[in-house]
Amino acid sequence: MNEHRQLYIDGAWVDPAGTEMIDVISASTEAVMGRIPEGTPADVDRAVAAARAAFDGWAAKTPAERAEVVAAIGEGMVERRDELSGLISGEVGMPRKLAGIIQVGLPVAVAGGFPAIVEDFAWQEEVGNSLVVREPVGVVAAITPWNYPLHQIVAKLAAALCAGCTVVLKPSEVAPLNAFALAEIVHAVGVPAGVFNLVSGTGPVVGEALAAHPDVDMVSFTGSTRAGRRVQEVAAATVKRLALELGGKSANILLPTLDDQTLDKAARAAVSSAYLNSGQTCSALTRLLVPADRHDTVVEVVRDEVESRYTLGDPLTDAGRLGPLISDTQRDRVR
């Protein structure tokens, strides 16, 4: 049992204001694999106050100094790759080997790439007779989804920290255990107190408290369109900045000019795109549009690809190419 009873606020593990806990359910067995605190608005207040107090000192560091810290977080993830792969495989259901390559490999690459990014970034430039200076926005609330949980956290956290912002993270309560491991890495790296804060909980409570908070300068949210609308509505009262990455239905178009060999290759690649992470991918190409006179050919190729390569199995033992959907709620929605 991976149980966490404390939140990470102001550089320390602290008791939450409330006593309620949230069960984390294994995608494969539907057994409880962990528990996390169910945060409250009071916890959000503490975390935002810590982030606000830490902002000036963090923003005063050079971009290169901040990027070095982010790169060190990436190195910490490398050291705990096996543990993180196992956690995410259990939480999300992606086969463990793929989880190591994708669910952990992507955030490691993101964190490691920022020293080069900040070196080339135009922090200030002259445009006509104006000087454009790019400065940190302030305290950023990062609200992240469950399908690529660690990657989505690191993508927001790395960019915010390198820009000079401080962060309060609310990870998905469906797949949060990797976020607690990341907080341990952040602490071990020595990130200054208050620069990164973790408050777990539900969207309607912790997420809304962050979106509404007057001392949060920006909300970065990835999730459903329905939840995004609510974040936008709540945040509007304080006119804060928003970055919303919401749901869609991505189109994959096979043109009439494709020869038979290329059509076959493209149709098989379409299956790979649509089935990655058991289809739980925001950029999955799930609408396959083909010329009417080649419809039956593409259907046969897709059928062969699915039946021959995409087998189900226990993700923790890499028994198949596909694991389960993350929850019964998601399964019912897909059906």
# chains A, B, ... in the order shown; residues from 1 in each chain; ligands from 1

call {"tool": "closest_atom_pairs", "arguments": {"of": "range 183-243 of chain A", "to": "range 17-21 of chain A", "cutoff": "12 Å", "atoms": "only C-alpha atoms", "output": "Markdown table"}}
result
| residue | atom | partner | partner_atom | distance |
| --- | --- | --- | --- | --- |
| A:Val199 | CA | A:Ala17 | CA | 11.0 |
| A:Ser200 | CA | A:Met21 | CA | 9.8 |
| A:Gly201 | CA | A:Met21 | CA | 8.7 |
| A:Thr202 | CA | A:Met21 | CA | 10.8 |

call {"tool": "write_last_selection", "arguments": {"atoms": "N, CA, C and O atoms", "output": "JSON list (two decimals), in the first residue's frame"}}
result
[["chain", "number", "residue", "atom", "x", "y", "z"],
["A", 199, "VAL", "N", -0.81, 19.98, -3.41],
["A", 199, "VAL", "CA", -2.06, 19.82, -2.66],
["A", 199, "VAL", "C", -2.93, 18.85, -3.45],
["A", 199, "VAL", "O", -3.41, 19.18, -4.53],
["A", 200, "SER", "N", -3.11, 17.66, -2.92],
["A", 200, "SER", "CA", -3.96, 16.67, -3.59],
["A", 200, "SER", "C", -5.41, 16.88, -3.19],
["A", 200, "SER", "O", -5.72, 17.50, -2.17],
["A", 201, "GLY", "N", -6.31, 16.35, -4.01],
["A", 201, "GLY", "CA", -7.73, 16.49, -3.73],
["A", 201, "GLY", "C", -8.55, 16.44, -5.00],
["A", 201, "GLY", "O", -8.04, 16.10, -6.07],
["A", 202, "THR", "N", -9.80, 16.79, -4.89],
["A", 202, "THR", "CA", -10.71, 16.73, -6.03],
["A", 202, "THR", "C", -10.77, 18.05, -6.77],
["A", 202, "THR", "O", -10.46, 19.11, -6.20]]

call {"tool": "select_by_dssp", "arguments": {"residues": "range 110-273 of chain A", "states": "strand (DSSP E)", "output": "MDAnalysis selection string"}}
result
chainID A and resid 124:127 130:133 139:143 166:170 196:198 218:222 241:245 251:253

call {"tool": "write_last_selection", "arguments": {"atoms": "N, CA and C atoms", "output": "mmCIF file, in the first residue's frame"}}
result
data_model
loop_
_atom_site.group_PDB
_atom_site.id
_atom_site.type_symbol
_atom_site.label_atom_id
_atom_site.label_comp_id
_atom_site.auth_asym_id
_atom_site.auth_seq_id
_atom_site.Cartn_x
_atom_site.Cartn_y
_atom_site.Cartn_z
ATOM 1 N N GLN A 124 14.466 39.278 -23.596
ATOM 2 C CA GLN A 124 14.076 40.628 -23.976
ATOM 3 C C GLN A 124 14.572 40.913 -25.390
ATOM 4 N N GLU A 125 13.815 41.718 -26.099
ATOM 5 C CA GLU A 125 14.175 42.050 -27.478
ATOM 6 C C GLU A 125 13.571 43.387 -27.853
ATOM 7 N N GLU A 126 14.188 44.049 -28.805
ATOM 8 C CA GLU A 126 13.681 45.312 -29.307
ATOM 9 C C GLU A 126 12.779 45.060 -30.505
ATOM 10 N N VAL A 127 11.600 45.637 -30.451
ATOM 11 C CA VAL A 127 10.645 45.564 -31.562
ATOM 12 C C VAL A 127 10.305 46.998 -31.938
ATOM 13 N N SER A 130 10.339 49.805 -29.270
ATOM 14 C CA SER A 130 9.916 49.266 -27.973
ATOM 15 C C SER A 130 10.867 48.178 -27.500
ATOM 16 N N LEU A 131 11.017 48.062 -26.200
ATOM 17 C CA LEU A 131 11.769 46.980 -25.585
ATOM 18 C C LEU A 131 10.772 46.014 -24.962
ATOM 19 N N VAL A 132 10.723 44.793 -25.466
ATOM 20 C CA VAL A 132 9.826 43.764 -24.948
ATOM 21 C C VAL A 132 10.595 42.906 -23.951
ATOM 22 N N VAL A 133 10.134 42.897 -22.707
ATOM 23 C CA VAL A 133 10.784 42.134 -21.640
ATOM 24 C C VAL A 133 9.827 41.050 -21.168
ATOM 25 N N VAL A 139 2.536 33.346 -9.349
ATOM 26 C CA VAL A 139 2.158 32.042 -8.804
ATOM 27 C C VAL A 139 1.273 31.318 -9.824
ATOM 28 N N VAL A 140 1.690 30.121 -10.190
ATOM 29 C CA VAL A 140 0.968 29.324 -11.182
ATOM 30 C C VAL A 140 0.323 28.124 -10.504
ATOM 31 N N ALA A 141 -0.965 27.927 -10.747
ATOM 32 C CA ALA A 141 -1.662 26.712 -10.321
ATOM 33 C C ALA A 141 -1.655 25.740 -11.488
ATOM 34 N N ALA A 142 -1.103 24.557 -11.276
ATOM 35 C CA ALA A 142 -1.048 23.523 -12.310
ATOM 36 C C ALA A 142 -2.036 22.420 -11.938
ATOM 37 N N ILE A 143 -3.037 22.229 -12.775
ATOM 38 C CA ILE A 143 -4.063 21.202 -12.552
ATOM 39 C C ILE A 143 -3.921 20.195 -13.681
ATOM 40 N N THR A 166 6.523 30.413 -9.360
ATOM 41 C CA THR A 166 6.371 29.381 -8.335
ATOM 42 C C THR A 166 5.071 28.645 -8.600
ATOM 43 N N VAL A 167 4.947 27.433 -8.068
ATOM 44 C CA VAL A 167 3.891 26.524 -8.514
ATOM 45 C C VAL A 167 3.162 25.882 -7.345
ATOM 46 N N VAL A 168 1.834 25.772 -7.496
ATOM 47 C CA VAL A 168 1.017 24.911 -6.644
ATOM 48 C C VAL A 168 0.391 23.867 -7.563
ATOM 49 N N LEU A 169 0.691 22.607 -7.304
ATOM 50 C CA LEU A 169 0.212 21.507 -8.142
ATOM 51 C C LEU A 169 -0.973 20.808 -7.511
ATOM 52 N N LYS A 170 -2.030 20.601 -8.328
ATOM 53 C CA LYS A 170 -3.109 19.690 -7.955
ATOM 54 C C LYS A 170 -3.156 18.569 -8.994
ATOM 55 N N PHE A 196 7.783 24.983 -5.062
ATOM 56 C CA PHE A 196 6.888 23.917 -5.514
ATOM 57 C C PHE A 196 6.065 23.435 -4.331
ATOM 58 N N ASN A 197 4.756 23.335 -4.535
ATOM 59 C CA ASN A 197 3.849 22.893 -3.489
ATOM 60 C C ASN A 197 2.857 21.901 -4.078
ATOM 61 N N LEU A 198 2.494 20.887 -3.308
ATOM 62 C CA LEU A 198 1.584 19.838 -3.760
ATOM 63 C C LEU A 198 0.380 19.761 -2.828
ATOM 64 N N MET A 218 -1.963 32.653 -12.498
ATOM 65 C CA MET A 218 -2.244 31.909 -13.721
ATOM 66 C C MET A 218 -2.646 30.484 -13.373
ATOM 67 N N VAL A 219 -3.584 29.940 -14.137
ATOM 68 C CA VAL A 219 -3.959 28.533 -14.020
ATOM 69 C C VAL A 219 -3.626 27.841 -15.330
ATOM 70 N N SER A 220 -2.869 26.749 -15.234
ATOM 71 C CA SER A 220 -2.612 25.888 -16.388
ATOM 72 C C SER A 220 -3.368 24.585 -16.153
ATOM 73 N N PHE A 221 -4.377 24.328 -16.988
ATOM 74 C CA PHE A 221 -5.266 23.188 -16.790
ATOM 75 C C PHE A 221 -5.269 22.295 -18.022
ATOM 76 N N THR A 222 -5.127 20.997 -17.809
ATOM 77 C CA THR A 222 -5.308 20.014 -18.865
ATOM 78 C C THR A 222 -6.366 19.022 -18.407
ATOM 79 N N ARG A 241 -4.698 34.813 -15.716
ATOM 80 C CA ARG A 241 -4.360 34.184 -16.989
ATOM 81 C C ARG A 241 -4.706 32.700 -16.950
ATOM 82 N N LEU A 242 -5.065 32.180 -18.119
ATOM 83 C CA LEU A 242 -5.454 30.780 -18.236
ATOM 84 C C LEU A 242 -4.752 30.129 -19.411
ATOM 85 N N ALA A 243 -4.338 28.892 -19.226
ATOM 86 C CA ALA A 243 -3.913 28.038 -20.332
ATOM 87 C C ALA A 243 -4.747 26.770 -20.224
ATOM 88 N N LEU A 244 -5.633 26.567 -21.187
ATOM 89 C CA LEU A 244 -6.568 25.442 -21.151
ATOM 90 C C LEU A 244 -6.270 24.484 -22.296
ATOM 91 N N GLU A 245 -5.940 23.254 -21.958
ATOM 92 C CA GLU A 245 -5.743 22.199 -22.950
ATOM 93 C C GLU A 245 -6.881 21.199 -22.745
ATOM 94 N N ALA A 251 -8.473 14.252 -36.186
ATOM 95 C CA ALA A 251 -8.725 13.620 -37.485
ATOM 96 C C ALA A 251 -7.426 13.149 -38.129
ATOM 97 N N ASN A 252 -7.472 11.966 -38.721
ATOM 98 C CA ASN A 252 -6.361 11.389 -39.470
ATOM 99 C C ASN A 252 -6.851 11.178 -40.900
ATOM 100 N N ILE A 253 -6.283 11.907 -41.841
ATOM 101 C CA ILE A 253 -6.815 11.928 -43.213
ATOM 102 C C ILE A 253 -5.841 11.213 -44.148
#

call {"tool": "atom_distance", "arguments": {"atom1": "CA of Gly112 in chain A", "atom2": "CA of Glu75 in chain A"}}
result
7.8 Å

call {"tool": "residues_around", "arguments": {"residues": "Ala111 in chain A", "least_positions_apart": "4", "cutoff": "8 Å", "atoms": "only C-alpha atoms", "output": "list of chain:residue names"}}
result
A:Val70, A:Ala71, A:Ile73, A:Gly74, A:Pro107, A:Val154, A:Ala155, A:Ala158

call {"tool": "residues_around", "arguments": {"residues": "Arg5 in chain A", "least_positions_apart": "4", "cutoff": "9 Å", "atoms": "only C-alpha atoms", "output": "PyMOL selection string"}}
result
chain A and resi 14-16+19+21+35-37

call {"tool": "select_by_dssp", "arguments": {"residues": "range 85-202 of chain A", "states": "alpha helix (DSSP H)", "output": "JSON, numbers by chain"}}
result
{"A": [85, 86, 87, 88, 89, 90, 91, 92, 96, 97, 98, 105, 106, 107, 108, 109, 110, 111, 112, 113, 114, 115, 116, 117, 118, 119, 120, 149, 150, 151, 152, 153, 154, 155, 156, 157, 158, 159, 160, 161, 162, 163, 177, 178, 179, 180, 181, 182, 183, 184, 185, 186, 187, 188, 189]}

call {"tool": "atom_distance", "arguments": {"atom1": "CA of Gly320 in chain A", "atom2": "CA of Val110 in chain A"}}
result
27.7 Å

call {"tool": "closest_residue", "arguments": {"among": "A:Ser278, A:Thr29, A:Thr329, A:Thr286", "to": "Thr311 in chain A", "atoms": "only C-alpha atoms"}}
result
A:Ser278

call {"tool": "residues_around", "arguments": {"residues": "Thr238 in chain A", "least_positions_apart": "6", "cutoff": "12 Å", "atoms": "only C-alpha atoms", "output": "list in words"}}
result
Leu210, Ala211, Ala212, His213, Pro214, Asp215, Val216, Asp217, Met218, Val219, Val231 and Gln232 of chain A

call {"tool": "write_last_selection", "arguments": {"atoms": "N, CA and C atoms", "output": "PDB file, in the first residue's frame"}}
result
ATOM      1  N   LEU A 210      -8.127  26.797  -6.189  1.00  0.00           N
ATOM      2  CA  LEU A 210      -6.969  27.364  -6.881  1.00  0.00           C
ATOM      3  C   LEU A 210      -7.395  28.331  -7.975  1.00  0.00           C
ATOM      4  N   ALA A 211      -8.393  27.932  -8.755  1.00  0.00           N
ATOM      5  CA  ALA A 211      -8.843  28.788  -9.858  1.00  0.00           C
ATOM      6  C   ALA A 211      -9.413  30.104  -9.352  1.00  0.00           C
ATOM      7  N   ALA A 212     -10.029  30.070  -8.188  1.00  0.00           N
ATOM      8  CA  ALA A 212     -10.660  31.274  -7.633  1.00  0.00           C
ATOM      9  C   ALA A 212      -9.713  32.125  -6.802  1.00  0.00           C
ATOM     10  N   HIS A 213      -8.574  31.593  -6.427  1.00  0.00           N
ATOM     11  CA  HIS A 213      -7.719  32.261  -5.438  1.00  0.00           C
ATOM     12  C   HIS A 213      -7.169  33.580  -5.988  1.00  0.00           C
ATOM     13  N   PRO A 214      -7.311  34.666  -5.247  1.00  0.00           N
ATOM     14  CA  PRO A 214      -6.848  35.976  -5.745  1.00  0.00           C
ATOM     15  C   PRO A 214      -5.331  36.094  -5.851  1.00  0.00           C
ATOM     16  N   ASP A 215      -4.574  35.247  -5.150  1.00  0.00           N
ATOM     17  CA  ASP A 215      -3.118  35.312  -5.210  1.00  0.00           C
ATOM     18  C   ASP A 215      -2.518  34.321  -6.205  1.00  0.00           C
ATOM     19  N   VAL A 216      -3.353  33.603  -6.939  1.00  0.00           N
ATOM     20  CA  VAL A 216      -2.880  32.786  -8.054  1.00  0.00           C
ATOM     21  C   VAL A 216      -2.944  33.647  -9.311  1.00  0.00           C
ATOM     22  N   ASP A 217      -1.820  33.791  -9.990  1.00  0.00           N
ATOM     23  CA  ASP A 217      -1.755  34.672 -11.150  1.00  0.00           C
ATOM     24  C   ASP A 217      -2.113  33.976 -12.459  1.00  0.00           C
ATOM     25  N   MET A 218      -1.963  32.653 -12.498  1.00  0.00           N
ATOM     26  CA  MET A 218      -2.244  31.909 -13.721  1.00  0.00           C
ATOM     27  C   MET A 218      -2.646  30.484 -13.373  1.00  0.00           C
ATOM     28  N   VAL A 219      -3.584  29.940 -14.137  1.00  0.00           N
ATOM     29  CA  VAL A 219      -3.959  28.533 -14.020  1.00  0.00           C
ATOM     30  C   VAL A 219      -3.626  27.841 -15.330  1.00  0.00           C
ATOM     31  N   VAL A 231     -13.282  25.796 -14.836  1.00  0.00           N
ATOM     32  CA  VAL A 231     -12.069  26.518 -14.438  1.00  0.00           C
ATOM     33  C   VAL A 231     -12.103  27.940 -14.978  1.00  0.00           C
ATOM     34  N   GLN A 232     -12.480  28.077 -16.246  1.00  0.00           N
ATOM     35  CA  GLN A 232     -12.555  29.388 -16.876  1.00  0.00           C
ATOM     36  C   GLN A 232     -13.577  30.276 -16.168  1.00  0.00           C
TER      37      GLN A 232
END

call {"tool": "closest_residue", "arguments": {"among": "A:Thr40, A:Ser172, A:Gln280, A:Ser89", "to": "Leu7 in chain A", "atoms": "only C-alpha atoms"}}
result
A:Thr40

call {"tool": "residues_around", "arguments": {"residues": "range 58-67 of chain A", "least_positions_apart": "4", "cutoff": "10 Å", "atoms": "only C-alpha atoms", "output": "PDB file with N, CA, C and O atoms, in the first residue's frame"}}
result
ATOM      1  N   ALA A  51       3.858  29.853  -1.939  1.00  0.00           N
ATOM      2  CA  ALA A  51       4.339  30.149  -3.296  1.00  0.00           C
ATOM      3  C   ALA A  51       4.521  31.645  -3.492  1.00  0.00           C
ATOM      4  O   ALA A  51       5.488  32.091  -4.128  1.00  0.00           O
ATOM      5  N   ALA A  53       5.204  33.877  -1.151  1.00  0.00           N
ATOM      6  CA  ALA A  53       6.358  34.329  -0.370  1.00  0.00           C
ATOM      7  C   ALA A  53       7.681  33.946  -1.036  1.00  0.00           C
ATOM      8  O   ALA A  53       8.686  34.649  -0.905  1.00  0.00           O
ATOM      9  N   ALA A  54       7.681  32.828  -1.765  1.00  0.00           N
ATOM     10  CA  ALA A  54       8.913  32.358  -2.394  1.00  0.00           C
ATOM     11  C   ALA A  54       9.162  32.994  -3.750  1.00  0.00           C
ATOM     12  O   ALA A  54      10.269  32.860  -4.296  1.00  0.00           O
ATOM     13  N   ALA A  71      16.719  20.561 -14.490  1.00  0.00           N
ATOM     14  CA  ALA A  71      17.484  19.428 -15.008  1.00  0.00           C
ATOM     15  C   ALA A  71      17.812  18.442 -13.892  1.00  0.00           C
ATOM     16  O   ALA A  71      17.792  17.220 -14.105  1.00  0.00           O
ATOM     17  N   ALA A  72      18.089  18.936 -12.704  1.00  0.00           N
ATOM     18  CA  ALA A  72      18.371  18.057 -11.563  1.00  0.00           C
ATOM     19  C   ALA A  72      17.139  17.245 -11.179  1.00  0.00           C
ATOM     20  O   ALA A  72      17.251  16.078 -10.780  1.00  0.00           O
ATOM     21  N   ILE A  73      15.963  17.846 -11.302  1.00  0.00           N
ATOM     22  CA  ILE A  73      14.726  17.095 -11.064  1.00  0.00           C
ATOM     23  C   ILE A  73      14.620  15.957 -12.074  1.00  0.00           C
ATOM     24  O   ILE A  73      14.225  14.833 -11.733  1.00  0.00           O
ATOM     25  N   ALA A 111      12.451  17.747 -18.850  1.00  0.00           N
ATOM     26  CA  ALA A 111      13.236  18.433 -17.819  1.00  0.00           C
ATOM     27  C   ALA A 111      14.675  18.650 -18.272  1.00  0.00           C
ATOM     28  O   ALA A 111      15.264  19.710 -18.037  1.00  0.00           O
ATOM     29  N   GLY A 112      15.244  17.659 -18.948  1.00  0.00           N
ATOM     30  CA  GLY A 112      16.630  17.768 -19.375  1.00  0.00           C
ATOM     31  C   GLY A 112      16.850  18.732 -20.518  1.00  0.00           C
ATOM     32  O   GLY A 112      17.977  19.185 -20.752  1.00  0.00           O
ATOM     33  N   GLY A 113      15.792  19.083 -21.226  1.00  0.00           N
ATOM     34  CA  GLY A 113      15.932  19.964 -22.375  1.00  0.00           C
ATOM     35  C   GLY A 113      15.902  21.446 -22.051  1.00  0.00           C
ATOM     36  O   GLY A 113      16.258  22.275 -22.911  1.00  0.00           O
ATOM     37  N   PHE A 114      15.534  21.805 -20.833  1.00  0.00           N
ATOM     38  CA  PHE A 114      15.334  23.222 -20.549  1.00  0.00           C
ATOM     39  C   PHE A 114      16.604  24.057 -20.423  1.00  0.00           C
ATOM     40  O   PHE A 114      16.567  25.258 -20.724  1.00  0.00           O
ATOM     41  N   PRO A 115      17.731  23.517 -19.988  1.00  0.00           N
ATOM     42  CA  PRO A 115      18.940  24.368 -20.008  1.00  0.00           C
ATOM     43  C   PRO A 115      19.238  24.935 -21.390  1.00  0.00           C
ATOM     44  O   PRO A 115      19.622  26.112 -21.516  1.00  0.00           O
ATOM     45  N   ALA A 116      19.061  24.144 -22.444  1.00  0.00           N
ATOM     46  CA  ALA A 116      19.296  24.652 -23.798  1.00  0.00           C
ATOM     47  C   ALA A 116      18.207  25.630 -24.219  1.00  0.00           C
ATOM     48  O   ALA A 116      18.477  26.626 -24.907  1.00  0.00           O
ATOM     49  N   ILE A 117      16.970  25.363 -23.777  1.00  0.00           N
ATOM     50  CA  ILE A 117      15.858  26.239 -24.156  1.00  0.00           C
ATOM     51  C   ILE A 117      16.043  27.641 -23.570  1.00  0.00           C
ATOM     52  O   ILE A 117      15.887  28.645 -24.263  1.00  0.00           O
ATOM     53  N   VAL A 118      16.376  27.730 -22.285  1.00  0.00           N
ATOM     54  CA  VAL A 118      16.484  29.057 -21.660  1.00  0.00           C
ATOM     55  C   VAL A 118      17.682  29.825 -22.214  1.00  0.00           C
ATOM     56  O   VAL A 118      17.675  31.064 -22.229  1.00  0.00           O
ATOM     57  N   GLU A 119      18.701  29.097 -22.673  1.00  0.00           N
ATOM     58  CA  GLU A 119      19.869  29.772 -23.239  1.00  0.00           C
ATOM     59  C   GLU A 119      19.527  30.466 -24.549  1.00  0.00           C
ATOM     60  O   GLU A 119      20.026  31.560 -24.842  1.00  0.00           O
ATOM     61  N   PHE A 121      16.356  31.336 -25.461  1.00  0.00           N
ATOM     62  CA  PHE A 121      15.101  32.087 -25.374  1.00  0.00           C
ATOM     63  C   PHE A 121      15.353  33.597 -25.349  1.00  0.00           C
ATOM     64  O   PHE A 121      16.292  34.074 -24.709  1.00  0.00           O
ATOM     65  N   TRP A 123      14.680  36.556 -23.769  1.00  0.00           N
ATOM     66  CA  TRP A 123      14.082  37.112 -22.554  1.00  0.00           C
ATOM     67  C   TRP A 123      13.740  38.592 -22.729  1.00  0.00           C
ATOM     68  O   TRP A 123      12.827  39.093 -22.079  1.00  0.00           O
ATOM     69  N   GLU A 135       8.806  38.456 -18.448  1.00  0.00           N
ATOM     70  CA  GLU A 135       8.997  38.281 -17.016  1.00  0.00           C
ATOM     71  C   GLU A 135       8.068  37.180 -16.500  1.00  0.00           C
ATOM     72  O   GLU A 135       7.043  36.891 -17.119  1.00  0.00           O
ATOM     73  N   PRO A 136       8.391  36.570 -15.355  1.00  0.00           N
ATOM     74  CA  PRO A 136       7.503  35.550 -14.780  1.00  0.00           C
ATOM     75  C   PRO A 136       6.161  36.147 -14.387  1.00  0.00           C
ATOM     76  O   PRO A 136       6.092  37.283 -13.913  1.00  0.00           O
ATOM     77  N   VAL A 137       5.103  35.355 -14.596  1.00  0.00           N
ATOM     78  CA  VAL A 137       3.762  35.860 -14.318  1.00  0.00           C
ATOM     79  C   VAL A 137       3.460  35.868 -12.826  1.00  0.00           C
ATOM     80  O   VAL A 137       2.667  36.672 -12.351  1.00  0.00           O
ATOM     81  N   GLY A 138       4.098  34.955 -12.057  1.00  0.00           N
ATOM     82  CA  GLY A 138       3.853  34.925 -10.614  1.00  0.00           C
ATOM     83  C   GLY A 138       3.601  33.515 -10.113  1.00  0.00           C
ATOM     84  O   GLY A 138       4.329  32.582 -10.427  1.00  0.00           O
ATOM     85  N   ALA A 158       8.212  22.379 -15.291  1.00  0.00           N
ATOM     86  CA  ALA A 158       9.516  22.770 -15.829  1.00  0.00           C
ATOM     87  C   ALA A 158       9.449  24.143 -16.484  1.00  0.00           C
ATOM     88  O   ALA A 158      10.322  24.997 -16.262  1.00  0.00           O
ATOM     89  N   ALA A 159       8.413  24.355 -17.280  1.00  0.00           N
ATOM     90  CA  ALA A 159       8.285  25.651 -17.954  1.00  0.00           C
ATOM     91  C   ALA A 159       8.064  26.776 -16.951  1.00  0.00           C
ATOM     92  O   ALA A 159       8.672  27.849 -17.056  1.00  0.00           O
ATOM     93  N   ALA A 160       7.199  26.536 -15.971  1.00  0.00           N
ATOM     94  CA  ALA A 160       6.907  27.577 -14.977  1.00  0.00           C
ATOM     95  C   ALA A 160       8.143  27.915 -14.152  1.00  0.00           C
ATOM     96  O   ALA A 160       8.459  29.094 -13.937  1.00  0.00           O
ATOM     97  N   LEU A 161       8.853  26.883 -13.687  1.00  0.00           N
ATOM     98  CA  LEU A 161      10.036  27.145 -12.865  1.00  0.00           C
ATOM     99  C   LEU A 161      11.114  27.868 -13.656  1.00  0.00           C
ATOM    100  O   LEU A 161      11.749  28.791 -13.147  1.00  0.00           O
ATOM    101  N   CYS A 162      11.339  27.453 -14.893  1.00  0.00           N
ATOM    102  CA  CYS A 162      12.371  28.108 -15.702  1.00  0.00           C
ATOM    103  C   CYS A 162      12.010  29.559 -16.006  1.00  0.00           C
ATOM    104  O   CYS A 162      12.891  30.407 -16.149  1.00  0.00           O
ATOM    105  N   ALA A 163      10.728  29.844 -16.113  1.00  0.00           N
ATOM    106  CA  ALA A 163      10.289  31.213 -16.357  1.00  0.00           C
ATOM    107  C   ALA A 163      10.420  32.089 -15.115  1.00  0.00           C
ATOM    108  O   ALA A 163      10.327  33.317 -15.206  1.00  0.00           O
ATOM    109  N   GLY A 164      10.618  31.472 -13.953  1.00  0.00           N
ATOM    110  CA  GLY A 164      10.746  32.235 -12.711  1.00  0.00           C
ATOM    111  C   GLY A 164       9.491  32.240 -11.867  1.00  0.00           C
ATOM    112  O   GLY A 164       9.398  32.990 -10.889  1.00  0.00           O
ATOM    113  N   CYS A 165       8.516  31.405 -12.231  1.00  0.00           N
ATOM    114  CA  CYS A 165       7.267  31.319 -11.471  1.00  0.00           C
ATOM    115  C   CYS A 165       7.395  30.298 -10.340  1.00  0.00           C
ATOM    116  O   CYS A 165       8.254  29.413 -10.371  1.00  0.00           O
ATOM    117  N   THR A 166       6.523  30.413  -9.360  1.00  0.00           N
ATOM    118  CA  THR A 166       6.371  29.381  -8.335  1.00  0.00           C
ATOM    119  C   THR A 166       5.071  28.645  -8.600  1.00  0.00           C
ATOM    120  O   THR A 166       4.170  29.165  -9.275  1.00  0.00           O
ATOM    121  N   VAL A 191      15.086  22.192  -4.049  1.00  0.00           N
ATOM    122  CA  VAL A 191      14.333  23.332  -4.563  1.00  0.00           C
ATOM    123  C   VAL A 191      13.921  24.204  -3.384  1.00  0.00           C
ATOM    124  O   VAL A 191      13.413  23.688  -2.376  1.00  0.00           O
ATOM    125  N   PRO A 192      14.127  25.514  -3.441  1.00  0.00           N
ATOM    126  CA  PRO A 192      13.813  26.375  -2.296  1.00  0.00           C
ATOM    127  C   PRO A 192      12.369  26.222  -1.818  1.00  0.00           C
ATOM    128  O   PRO A 192      11.456  25.991  -2.614  1.00  0.00           O
ATOM    129  N   ALA A 193      12.189  26.353  -0.523  1.00  0.00           N
ATOM    130  CA  ALA A 193      10.871  26.196   0.087  1.00  0.00           C
ATOM    131  C   ALA A 193       9.855  27.132  -0.562  1.00  0.00           C
ATOM    132  O   ALA A 193      10.133  28.312  -0.783  1.00  0.00           O
ATOM    133  N   GLY A 194       8.686  26.600  -0.873  1.00  0.00           N
ATOM    134  CA  GLY A 194       7.600  27.392  -1.427  1.00  0.00           C
ATOM    135  C   GLY A 194       7.592  27.492  -2.933  1.00  0.00           C
ATOM    136  O   GLY A 194       6.575  27.896  -3.516  1.00  0.00           O
ATOM    137  N   VAL A 195       8.691  27.133  -3.579  1.00  0.00           N
ATOM    138  CA  VAL A 195       8.743  27.222  -5.044  1.00  0.00           C
ATOM    139  C   VAL A 195       7.843  26.166  -5.674  1.00  0.00           C
ATOM    140  O   VAL A 195       7.197  26.408  -6.685  1.00  0.00           O
TER     141      VAL A 195
END

call {"tool": "atom_distance", "arguments": {"atom1": "CA of Thr317 in chain A", "atom2": "CA of Pro95 in chain A"}}
result
7.4 Å

call {"tool": "closest_residue", "arguments": {"among": "A:Ala284, A:Val92, A:Val206, A:Leu316", "to": "Gln330 in chain A", "atoms": "only C-alpha atoms"}}
result
A:Val92

call {"tool": "decode", "arguments": {"residues": "range 8-15 of chain A", "atoms": "N, CA and C atoms", "output": "mmCIF file, in the first residue's frame"}}
result
data_model
loop_
_atom_site.group_PDB
_atom_site.id
_atom_site.type_symbol
_atom_site.label_atom_id
_atom_site.label_comp_id
_atom_site.auth_asym_id
_atom_site.auth_seq_id
_atom_site.Cartn_x
_atom_site.Cartn_y
_atom_site.Cartn_z
ATOM 1 N N TYR A 8 2.741 18.446 0.535
ATOM 2 C CA TYR A 8 4.052 19.100 0.462
ATOM 3 C C TYR A 8 3.835 20.598 0.268
ATOM 4 N N ILE A 9 4.090 21.368 1.312
ATOM 5 C CA ILE A 9 3.851 22.807 1.300
ATOM 6 C C ILE A 9 5.031 23.521 1.956
ATOM 7 N N ASP A 10 5.542 24.548 1.275
ATOM 8 C CA ASP A 10 6.609 25.394 1.803
ATOM 9 C C ASP A 10 7.852 24.588 2.173
ATOM 10 N N GLY A 11 8.196 23.624 1.316
ATOM 11 C CA GLY A 11 9.429 22.878 1.507
ATOM 12 C C GLY A 11 9.391 21.799 2.562
ATOM 13 N N ALA A 12 8.175 21.401 3.007
ATOM 14 C CA ALA A 12 8.080 20.386 4.062
ATOM 15 C C ALA A 12 6.816 19.561 3.878
ATOM 16 N N TRP A 13 6.855 18.356 4.417
ATOM 17 C CA TRP A 13 5.654 17.521 4.450
ATOM 18 C C TRP A 13 4.835 17.902 5.676
ATOM 19 N N VAL A 14 3.595 18.326 5.442
ATOM 20 C CA VAL A 14 2.772 18.875 6.529
ATOM 21 C C VAL A 14 1.425 18.164 6.575
ATOM 22 N N ASP A 15 0.837 18.141 7.747
ATOM 23 C CA ASP A 15 -0.489 17.548 7.895
ATOM 24 C C ASP A 15 -1.531 18.424 7.209
#
